$ cat structure.tsv   # TSV, C-alpha atoms and all ligand atoms
chain	number	residue	atom	x	y	z
P	21	MET	CA	2.72	-67.76	37.64
P	22	ALA	CA	4.42	-66.27	40.68
P	23	ALA	CA	2.68	-64.82	43.69
P	24	ALA	CA	3.69	-63.11	46.90
P	25	SER	CA	1.22	-63.79	49.68
P	26	ALA	CA	1.08	-62.38	53.17
P	27	ILE	CA	-0.92	-63.26	56.28
P	28	ASP	CA	-3.29	-60.85	57.92
P	29	GLY	CA	-3.98	-60.63	61.66
P	30	CYS	CA	-6.75	-63.23	61.31
P	31	ASN	CA	-4.39	-65.79	59.71
P	32	GLN	CA	-6.00	-65.23	56.34
P	33	LEU	CA	-4.25	-65.08	52.98
P	34	PHE	CA	-3.56	-61.55	51.76
P	35	LEU	CA	-2.34	-61.49	48.20
P	36	VAL	CA	0.29	-58.80	47.77
P	37	ALA	CA	1.55	-59.34	44.22
P	38	TYR	CA	1.23	-61.78	41.36
P	39	GLY	CA	2.59	-62.05	37.86
P	40	ILE	CA	3.40	-64.32	34.97
P	41	LEU	CA	7.02	-65.43	34.63
P	42	GLU	CA	8.68	-66.40	31.37
P	43	SER	CA	10.22	-69.30	33.26
P	44	GLU	CA	11.64	-69.89	36.70
P	45	ASN	CA	15.01	-68.38	35.95
P	46	ILE	CA	16.90	-65.80	37.98
P	47	GLU	CA	16.05	-62.96	35.59
P	48	SER	CA	12.31	-63.62	35.80
P	49	TRP	CA	12.34	-63.89	39.59
P	50	THR	CA	14.44	-60.71	39.79
P	51	TRP	CA	11.91	-58.91	37.60
P	52	PHE	CA	9.08	-60.09	39.86
P	53	LEU	CA	10.88	-59.11	43.07
P	54	ASN	CA	11.84	-55.70	41.65
P	55	GLY	CA	8.14	-55.11	41.00
P	56	LEU	CA	7.40	-56.20	44.56
P	57	TYR	CA	10.06	-53.82	45.84
P	58	GLU	CA	8.50	-50.97	43.88
P	59	ALA	CA	5.11	-51.75	45.42
P	60	ILE	CA	5.99	-52.32	49.08
P	61	GLY	CA	9.58	-51.07	49.43
P	62	LEU	CA	11.42	-52.32	52.47
P	63	PRO	CA	9.05	-52.15	55.44
P	64	ASN	CA	10.49	-52.50	58.93
P	65	GLY	CA	10.62	-56.16	59.95
P	66	LEU	CA	9.95	-57.52	56.46
P	67	VAL	CA	10.55	-61.25	56.27
P	68	LEU	CA	10.43	-63.40	53.16
P	69	ALA	CA	9.76	-67.13	53.27
P	70	SER	CA	10.18	-69.51	50.38
P	71	ASP	CA	10.78	-73.12	49.44
P	72	ARG	CA	14.44	-72.18	48.95
P	73	GLN	CA	14.38	-72.80	45.23
P	74	LYS	CA	17.88	-71.97	44.08
P	75	ARG	CA	16.94	-69.37	41.47
P	76	LEU	CA	14.40	-67.63	43.66
P	77	GLU	CA	16.93	-67.61	46.48
P	78	GLU	CA	19.51	-65.93	44.25
P	79	ALA	CA	16.97	-63.36	43.09
P	80	ILE	CA	16.04	-62.59	46.71
P	81	CYS	CA	19.75	-62.06	47.47
P	82	ARG	CA	19.90	-59.57	44.60
P	83	VAL	CA	16.77	-57.56	45.39
P	84	TYR	CA	16.38	-58.02	49.14
P	85	PRO	CA	19.94	-58.76	50.35
P	86	SER	CA	19.36	-57.57	53.92
P	87	VAL	CA	15.96	-59.16	54.51
P	88	GLU	CA	15.44	-62.19	56.77
P	89	HIS	CA	14.76	-65.14	54.48
P	90	ARG	CA	13.02	-68.09	56.11
P	91	THR	CA	12.78	-71.61	54.77
P	92	CYS	CA	9.61	-73.68	54.71
P	93	VAL	CA	10.43	-76.55	57.06
P	94	ARG	CA	8.30	-79.02	55.10
P	95	HIS	CA	10.41	-78.42	51.98
P	96	MET	CA	13.63	-78.37	53.97
P	97	TYR	CA	12.71	-81.73	55.49
P	98	LYS	CA	12.07	-83.19	52.04
P	99	ASN	CA	15.75	-82.67	51.23
P	100	PHE	CA	16.91	-83.64	54.71
P	101	LYS	CA	15.28	-87.06	54.57
P	102	LYS	CA	17.08	-88.01	51.37
P	103	LYS	CA	20.13	-88.48	53.60
P	104	PHE	CA	18.61	-88.99	57.03
P	105	ARG	CA	15.61	-91.23	57.23
P	106	GLY	CA	13.55	-92.48	60.12
P	107	LYS	CA	10.60	-91.50	62.27
P	108	SER	CA	12.64	-90.25	65.22
P	109	LEU	CA	14.70	-87.90	63.02
P	110	GLN	CA	11.51	-86.65	61.41
P	111	LYS	CA	10.11	-85.89	64.86
P	112	SER	CA	13.33	-84.15	65.87
P	113	VAL	CA	13.27	-81.85	62.82
P	114	TRP	CA	9.69	-80.74	63.47
P	115	ALA	CA	10.35	-80.36	67.20
P	116	ALA	CA	13.40	-78.22	66.40
P	117	ALA	CA	11.38	-76.11	63.96
P	118	ARG	CA	8.74	-75.46	66.61
P	119	SER	CA	11.28	-74.50	69.31
P	120	TYR	CA	11.24	-70.86	70.23
P	121	THR	CA	14.59	-70.77	72.03
P	122	ILE	CA	18.15	-71.58	71.01
P	123	GLU	CA	18.57	-73.53	74.24
P	124	ASP	CA	16.01	-75.99	72.90
P	125	LEU	CA	17.77	-76.37	69.60
P	126	GLY	CA	21.35	-75.28	69.06
P	127	LYS	CA	22.45	-72.89	66.33
P	128	LYS	CA	21.45	-73.71	62.75
P	129	PRO	CA	22.66	-71.91	59.65
P	130	GLU	CA	19.29	-71.67	57.91
P	131	ILE	CA	16.21	-69.96	59.25
P	132	TRP	CA	13.64	-72.70	59.57
P	133	SER	CA	13.30	-72.85	63.35
P	134	ARG	CA	11.36	-70.34	65.42
P	135	SER	CA	14.40	-70.05	67.68
P	136	GLN	CA	16.15	-68.26	64.78
P	137	PHE	CA	13.22	-66.02	63.83
P	138	SER	CA	13.57	-62.31	64.42
P	139	THR	CA	10.91	-60.76	66.64
P	140	VAL	CA	9.81	-57.71	64.65
P	141	CYS	CA	7.33	-59.19	62.18
P	142	LYS	CA	5.26	-61.16	64.75
P	143	CYS	CA	4.71	-64.24	62.66
P	144	ASP	CA	5.72	-67.73	63.79
P	145	TYR	CA	4.75	-69.70	60.68
P	146	ILE	CA	7.24	-72.46	59.92
P	147	THR	CA	5.78	-73.64	56.60
P	148	ASN	CA	4.62	-72.06	53.37
P	149	ASN	CA	1.13	-73.52	53.66
P	150	ILE	CA	-0.39	-70.13	53.00
P	151	SER	CA	1.18	-70.25	49.52
P	152	GLU	CA	-0.64	-73.51	49.01
P	153	ALA	CA	-3.80	-71.74	50.11
P	154	PHE	CA	-3.23	-69.27	47.30
P	155	ASN	CA	-2.97	-72.14	44.86
P	156	ALA	CA	-6.30	-73.47	46.11
P	157	TRP	CA	-7.76	-70.00	45.81
P	158	VAL	CA	-6.97	-69.76	42.10
P	159	ALA	CA	-7.59	-73.45	41.36
P	160	GLU	CA	-10.65	-72.93	39.22
P	161	ALA	CA	-8.90	-70.39	36.98
P	162	ARG	CA	-5.62	-72.20	36.44
P	163	GLU	CA	-6.46	-73.75	33.09
P	164	ARG	CA	-7.64	-70.49	31.55
P	165	PRO	CA	-5.67	-68.30	29.14
P	166	VAL	CA	-3.29	-65.89	30.82
P	167	LEU	CA	-5.44	-62.76	30.50
P	168	ASP	CA	-8.49	-64.57	31.86
P	169	LEU	CA	-6.43	-65.97	34.73
P	170	LEU	CA	-5.10	-62.52	35.69
P	171	ASP	CA	-8.56	-61.01	35.34
P	172	THR	CA	-10.12	-63.69	37.55
P	173	ILE	CA	-7.51	-63.14	40.26
P	174	LYS	CA	-8.10	-59.38	40.13
P	175	GLN	CA	-11.81	-59.96	40.51
P	176	LYS	CA	-11.27	-62.31	43.45
P	177	ILE	CA	-9.06	-59.75	45.19
P	178	MET	CA	-11.67	-57.03	44.59
P	179	VAL	CA	-14.46	-59.14	46.13
P	180	THR	CA	-12.32	-60.39	49.03
P	181	MET	CA	-11.13	-56.89	49.95
P	182	ASP	CA	-14.73	-55.69	50.02
P	183	LYS	CA	-15.98	-58.67	52.03
P	184	ARG	CA	-13.26	-58.42	54.66
P	185	ARG	CA	-13.54	-54.63	54.86
P	186	ARG	CA	-17.25	-54.97	55.67
P	187	MET	CA	-16.48	-57.75	58.15
P	188	ALA	CA	-13.88	-55.62	60.00
P	189	ILE	CA	-16.37	-52.75	60.28
P	190	LYS	CA	-18.85	-55.09	61.98
P	191	TRP	CA	-16.34	-56.20	64.64
P	192	ASN	CA	-17.08	-53.84	67.45
P	193	ASP	CA	-13.90	-54.78	69.29
P	194	ASP	CA	-10.21	-54.05	69.75
P	195	ILE	CA	-8.76	-57.46	68.84
P	196	VAL	CA	-9.61	-59.79	65.93
P	197	PRO	CA	-11.92	-62.76	66.76
P	198	SER	CA	-9.32	-65.49	66.07
P	199	VAL	CA	-7.01	-64.11	68.78
P	200	LYS	CA	-9.93	-63.72	71.20
P	201	LYS	CA	-10.78	-67.36	70.66
P	202	TYR	CA	-7.16	-68.36	71.23
P	203	VAL	CA	-7.05	-66.44	74.51
P	204	ARG	CA	-10.37	-67.93	75.62
P	205	ASN	CA	-8.98	-71.45	75.11
P	206	LEU	CA	-5.68	-70.54	76.76
P	207	SER	CA	-7.35	-69.05	79.83
P	208	ARG	CA	-9.02	-72.37	80.69
P	209	GLY	CA	-5.67	-73.95	81.63
P	210	LEU	CA	-4.07	-71.05	83.49
P	211	ALA	CA	-4.91	-72.36	86.97
P	212	ALA	CA	-2.06	-74.88	86.66
P	213	TYR	CA	0.50	-72.08	86.33
P	214	GLU	CA	2.05	-70.57	89.44
P	215	VAL	CA	2.84	-66.85	89.36
P	216	GLN	CA	5.50	-65.41	91.67
P	217	ARG	CA	5.37	-61.63	91.39
P	218	GLY	CA	8.51	-59.53	91.55
P	219	SER	CA	6.74	-56.24	90.83
P	220	ASP	CA	3.75	-54.90	88.87
P	221	SER	CA	5.46	-55.83	85.63
P	222	LYS	CA	7.89	-58.64	86.50
P	223	ALA	CA	7.20	-62.20	87.55
P	224	GLU	CA	8.35	-65.79	87.46
P	225	VAL	CA	5.77	-68.21	86.11
P	226	SER	CA	6.17	-71.93	86.79
P	227	TYR	CA	4.54	-75.02	85.37
P	228	LYS	CA	5.52	-78.61	86.11
P	229	GLY	CA	8.94	-77.61	87.41
P	230	GLN	CA	9.78	-75.32	84.49
P	231	ARG	CA	10.03	-71.60	85.08
P	232	CYS	CA	9.87	-68.58	82.79
P	233	GLU	CA	10.69	-64.96	83.42
P	234	VAL	CA	7.99	-62.50	82.28
P	235	LEU	CA	8.63	-58.77	81.78
P	236	LEU	CA	5.26	-57.26	80.96
P	237	THR	CA	6.23	-53.71	80.05
P	238	ASP	CA	8.92	-54.97	77.66
P	239	GLY	CA	6.60	-57.58	76.10
P	240	ILE	CA	9.08	-60.34	76.91
P	241	CYS	CA	8.83	-63.90	78.18
P	242	SER	CA	11.96	-66.05	78.36
P	243	CYS	CA	10.15	-68.77	76.35
P	244	ARG	CA	10.25	-66.22	73.40
P	245	LYS	CA	6.82	-67.22	72.11
P	246	TRP	CA	5.32	-63.82	72.91
P	247	GLN	CA	8.13	-61.92	71.16
P	248	VAL	CA	7.95	-64.07	68.01
P	249	SER	CA	4.17	-64.41	67.69
P	250	GLY	CA	3.01	-61.02	68.99
P	251	ILE	CA	0.42	-62.64	71.28
P	252	PRO	CA	1.19	-63.13	75.01
P	253	CYS	CA	2.23	-66.72	75.72
P	254	VAL	CA	0.67	-68.83	78.43
P	255	HIS	CA	3.18	-67.54	81.02
P	256	ALA	CA	2.52	-63.88	80.22
P	257	MET	CA	-1.23	-64.52	80.19
P	258	SER	CA	-1.02	-66.20	83.61
P	259	PHE	CA	0.66	-63.09	85.00
P	260	ILE	CA	-1.73	-60.69	83.25
P	261	PHE	CA	-4.80	-62.59	84.48
P	262	SER	CA	-3.43	-62.51	88.05
P	263	ILE	CA	-3.32	-58.69	88.05
P	264	ARG	CA	-6.57	-57.08	89.14
P	265	GLY	CA	-8.03	-54.88	86.41
P	266	ALA	CA	-5.34	-55.74	83.82
P	267	LYS	CA	-6.54	-56.08	80.22
P	268	TRP	CA	-4.84	-58.76	78.14
P	269	GLU	CA	-5.85	-56.91	74.94
P	270	GLU	CA	-3.31	-54.21	75.74
P	271	TYR	CA	-0.48	-56.73	75.50
P	272	VAL	CA	-1.37	-58.10	72.05
P	273	ASP	CA	0.59	-56.66	69.12
P	274	LEU	CA	-1.17	-54.03	67.00
P	275	TYR	CA	-0.90	-56.44	64.08
P	276	PHE	CA	-3.90	-58.31	65.52
P	277	SER	CA	-6.05	-55.25	66.13
P	278	VAL	CA	-9.36	-54.75	64.38
P	279	GLU	CA	-8.20	-51.25	63.52
P	280	LYS	CA	-5.15	-52.50	61.55
P	281	THR	CA	-7.20	-55.19	59.85
P	282	GLY	CA	-9.55	-52.43	58.72
P	283	VAL	CA	-6.59	-50.45	57.35
P	284	ALA	CA	-5.28	-53.54	55.51
P	285	TYR	CA	-8.56	-53.93	53.64
P	286	ASN	CA	-9.35	-50.27	53.27
P	287	LEU	CA	-8.26	-50.06	49.66
P	288	GLU	CA	-11.02	-50.44	47.10
P	289	ILE	CA	-10.08	-52.24	43.89
P	290	ALA	CA	-11.67	-50.55	40.90
P	291	PRO	CA	-14.04	-52.66	38.75
P	292	MET	CA	-13.11	-53.26	35.11
P	293	PRO	CA	-15.29	-53.79	32.05
P	294	ASP	CA	-15.17	-56.84	29.79
P	295	ILE	CA	-12.12	-57.26	27.50
P	296	SER	CA	-14.23	-56.30	24.46
P	297	GLN	CA	-14.63	-52.83	25.95
P	298	TRP	CA	-10.96	-52.22	26.66
P	299	ILE	CA	-9.42	-49.30	24.82
P	300	SER	CA	-6.24	-50.15	22.94
P	301	ASN	CA	-3.23	-47.93	23.54
P	302	GLY	CA	-1.56	-49.34	20.43
P	303	GLN	CA	1.33	-50.90	22.33
P	304	LEU	CA	0.15	-54.46	21.81
P	305	ASP	CA	-0.53	-54.18	18.08
P	306	GLY	CA	1.52	-56.72	16.18
P	307	LEU	CA	2.86	-58.26	19.39
P	308	LEU	CA	3.56	-61.96	18.94
P	309	PRO	CA	3.57	-64.54	21.71
P	310	PRO	CA	7.04	-65.55	22.98
P	311	LEU	CA	8.70	-68.63	21.50
P	312	SER	CA	7.81	-71.58	23.63
P	313	ARG	CA	10.35	-74.17	24.64
P	314	ARG	CA	9.13	-77.70	24.89
P	315	LEU	CA	10.81	-79.67	27.63
P	316	THR	CA	11.55	-83.34	27.14
P	317	GLY	CA	8.82	-85.74	28.09
P	318	ARG	CA	5.12	-85.24	28.52
P	319	PRO	CA	4.23	-81.99	30.35
P	320	LYS	CA	3.64	-82.70	34.03
P	321	LYS	CA	0.37	-81.65	35.52
P	322	ASN	CA	0.43	-83.48	38.78
P	323	ARG	CA	2.84	-82.61	41.49
P	324	ILE	CA	4.62	-85.64	42.87
P	325	SER	CA	4.21	-85.54	46.63
P	326	ALA	CA	6.47	-87.18	49.16
P	327	ALA	CA	5.16	-90.28	50.89
P	328	ASP	CA	5.03	-88.64	54.31
P	329	GLU	CA	3.79	-85.27	53.12
P	330	ILE	CA	0.88	-83.83	55.00
P	331	LYS	CA	-2.25	-83.97	52.87
P	332	PHE	CA	-4.70	-81.16	53.32
P	333	GLY	CA	-7.48	-82.61	51.25
P	334	TYR	CA	-7.39	-79.75	48.76
P	335	LYS	CA	-7.11	-80.19	45.05
P	336	TYR	CA	-4.31	-77.67	44.79
P	337	TRP	CA	-1.66	-80.29	45.35
P	338	SER	CA	-2.20	-81.40	41.79
P	339	PHE	CA	-1.12	-78.17	40.16
P	340	ARG	CA	1.48	-76.73	42.45
P	341	ILE	CA	3.97	-77.37	39.70
P	342	VAL	CA	2.68	-74.42	37.68
P	343	ILE	CA	2.26	-71.94	40.46
P	344	ASP	CA	5.07	-70.77	42.68
P	345	SER	CA	4.74	-68.48	45.56
P	346	ILE	CA	6.82	-66.71	48.05
P	347	LEU	CA	5.48	-65.66	51.37
P	348	ILE	CA	5.83	-62.28	52.96
P	349	PHE	CA	5.46	-61.61	56.62
P	350	GLY	CA	5.34	-58.52	58.65
P	351	CYS	CA	4.51	-55.80	56.18
P	352	LEU	CA	0.81	-56.13	56.44
P	353	ALA	CA	-0.42	-54.41	59.54
P	354	THR	CA	1.74	-51.34	59.39
P	355	ASN	CA	2.26	-50.77	55.71
P	356	ILE	CA	-0.55	-52.16	53.70
P	357	GLY	CA	-2.14	-48.74	53.46
P	358	ALA	CA	0.86	-47.62	51.43
P	359	LEU	CA	1.02	-50.66	49.19
P	360	GLY	CA	-1.04	-49.24	46.39
P	361	LEU	CA	-2.27	-52.63	45.32
P	401	ZN	ZN	6.27	-67.67	77.86
$ encode --input "structure.tsv" --output "structure tokens"
Amino acid sequence: MAAASAIDGCNQLFLVAYGILESENIESWTWFLNGLYEAIGLPNGLVLASDRQKRLEEAICRVYPSVEHRTCVRHMYKNFKKKFRGKSLQKSVWAAARSYTIEDLGKKPEIWSRSQFSTVCKCDYITNNISEAFNAWVAEARERPVLDLLDTIKQKIMVTMDKRRRMAIKWNDDIVPSVKKYVRNLSRGLAAYEVQRGSDSKAEVSYKGQRCEVLLTDGICSCRKWQVSGIPCVHAMSFIFSIRGAKWEEYVDLYFSVEKTGVAYNLEIAPMPDISQWISNGQLDGLLPPLSRRLTGRPKKNRISAADEIKFGYKYWSFRIVIDSILIFGCLATNIGALGL
């Protein structure tokens, strides 16, 4: 099974597309991505993230040649440590991945560091953990026959869309609760930041001898965190909070607005009757299952995890081998209404 997942403004999984692949070859991935292209097209700022599997990577080059393709740093590190071992190198890789500026890092050919992320899609995720969340989401259905599996996923999407739609209606606010909580926590430490105003919209903000330049009307801080994540960084927040009457909500990207979350979940998925009540269109009559190829050895069920891999305590680690996902960023807030899912 292949799935394309996205993240909504509340950091929740939003399933965009899923399908059954014949196998993980280039043709199957190309078929899947062509279907994805038909559904969502090429929204402004679209970013794809994957584990950089060779065949998926080639298929992405075919179908989405111009799209920013990020690499999950956890998977990248798995390959890296085959040649370069040691705790300090491990720390350096993760520190580099979390850096928002090139000055912190130095240029790298692959996009696995925030310093290389474009700033349109407003997502600073450096791993594909949300794909793992999808695996956890479908865990209970994974052993079922294909039609049952697809039906269960459809049902889950239907229920989730409804639940989140009702939730968004209840939020009598401009910005989603998770961002409000983040700002509340951030605001507690702002007293330690020194703001030197240059004008109503420009300032230098210093902390422990380090200084950033904030340009409010452009939505820019020289630390780049605001541009990449879509939420004002601690420097921008310090400046905003120092201005009498200024509202921080006005500086958060629309992606995190309650209004856009409502739009994302506005689509109702139609209920379906039981398979015994389906009407045949004749196309499947006489259709035989595809020839199955048996690989050498006993079929693997458990995914072999690396010794230093982060464990999340979910069961999904045991079946990741049968479910592959790619991650989509950036198309959600502005385009989900047109997805037709
Ligand atoms: Zn900043």
$ residues_around --input "structure.tsv" --residues "P:Thr172" --least-positions-apart "2" --cutoff "12 Å" --atoms "all atoms listed in the file" --output "PDB file with C-alpha atoms, keeping the file's coordinate frame"
ATOM      1  CA  TRP P 157      -7.760 -70.000  45.810  1.00  0.00           C
ATOM      2  CA  VAL P 158      -6.970 -69.760  42.100  1.00  0.00           C
ATOM      3  CA  ALA P 159      -7.590 -73.450  41.360  1.00  0.00           C
ATOM      4  CA  GLU P 160     -10.650 -72.930  39.220  1.00  0.00           C
ATOM      5  CA  ALA P 161      -8.900 -70.390  36.980  1.00  0.00           C
ATOM      6  CA  ARG P 162      -5.620 -72.200  36.440  1.00  0.00           C
ATOM      7  CA  GLU P 163      -6.460 -73.750  33.090  1.00  0.00           C
ATOM      8  CA  ARG P 164      -7.640 -70.490  31.550  1.00  0.00           C
ATOM      9  CA  PRO P 165      -5.670 -68.300  29.140  1.00  0.00           C
ATOM     10  CA  VAL P 166      -3.290 -65.890  30.820  1.00  0.00           C
ATOM     11  CA  LEU P 167      -5.440 -62.760  30.500  1.00  0.00           C
ATOM     12  CA  ASP P 168      -8.490 -64.570  31.860  1.00  0.00           C
ATOM     13  CA  LEU P 169      -6.430 -65.970  34.730  1.00  0.00           C
ATOM     14  CA  LEU P 170      -5.100 -62.520  35.690  1.00  0.00           C
ATOM     15  CA  LYS P 174      -8.100 -59.380  40.130  1.00  0.00           C
ATOM     16  CA  GLN P 175     -11.810 -59.960  40.510  1.00  0.00           C
ATOM     17  CA  LYS P 176     -11.270 -62.310  43.450  1.00  0.00           C
ATOM     18  CA  ILE P 177      -9.060 -59.750  45.190  1.00  0.00           C
ATOM     19  CA  MET P 178     -11.670 -57.030  44.590  1.00  0.00           C
ATOM     20  CA  VAL P 179     -14.460 -59.140  46.130  1.00  0.00           C
ATOM     21  CA  PRO P 291     -14.040 -52.660  38.750  1.00  0.00           C
ATOM     22  CA  MET P 292     -13.110 -53.260  35.110  1.00  0.00           C
ATOM     23  CA  ASP P 294     -15.170 -56.840  29.790  1.00  0.00           C
TER      24      ASP P 294
END
$ residues_near_ligand --input "structure.tsv" --ligand "ligand ZN 401 (chain P)" --cutoff "12 Å" --atoms "all atoms listed in the file" --output "ChimeraX atom specification"
/P:120-121,213,223-227,230-236,239-260
$ closest_residue --input "structure.tsv" --among "P:Ile295, P:Gln136, P:Phe104, P:Ala266" --to "P:Glu88" --atoms "only C-alpha atoms"
P:Gln136
$ residues_around --input "structure.tsv" --residues "P:Gln110" --least-positions-apart "6" --cutoff "12 Å" --atoms "only C-alpha atoms" --output "list of chain:residue names"
P:Val93, P:Arg94, P:Met96, P:Tyr97, P:Lys98, P:Asn99, P:Phe100, P:Lys101, P:Lys102, P:Lys103, P:Phe104, P:Ala116, P:Ala117, P:Asp328, P:Glu329
$ atom_distance --input "structure.tsv" --atom1 "atom CA of P:Tyr84" --atom2 "atom CA of P:Ala59"
13.4 Å
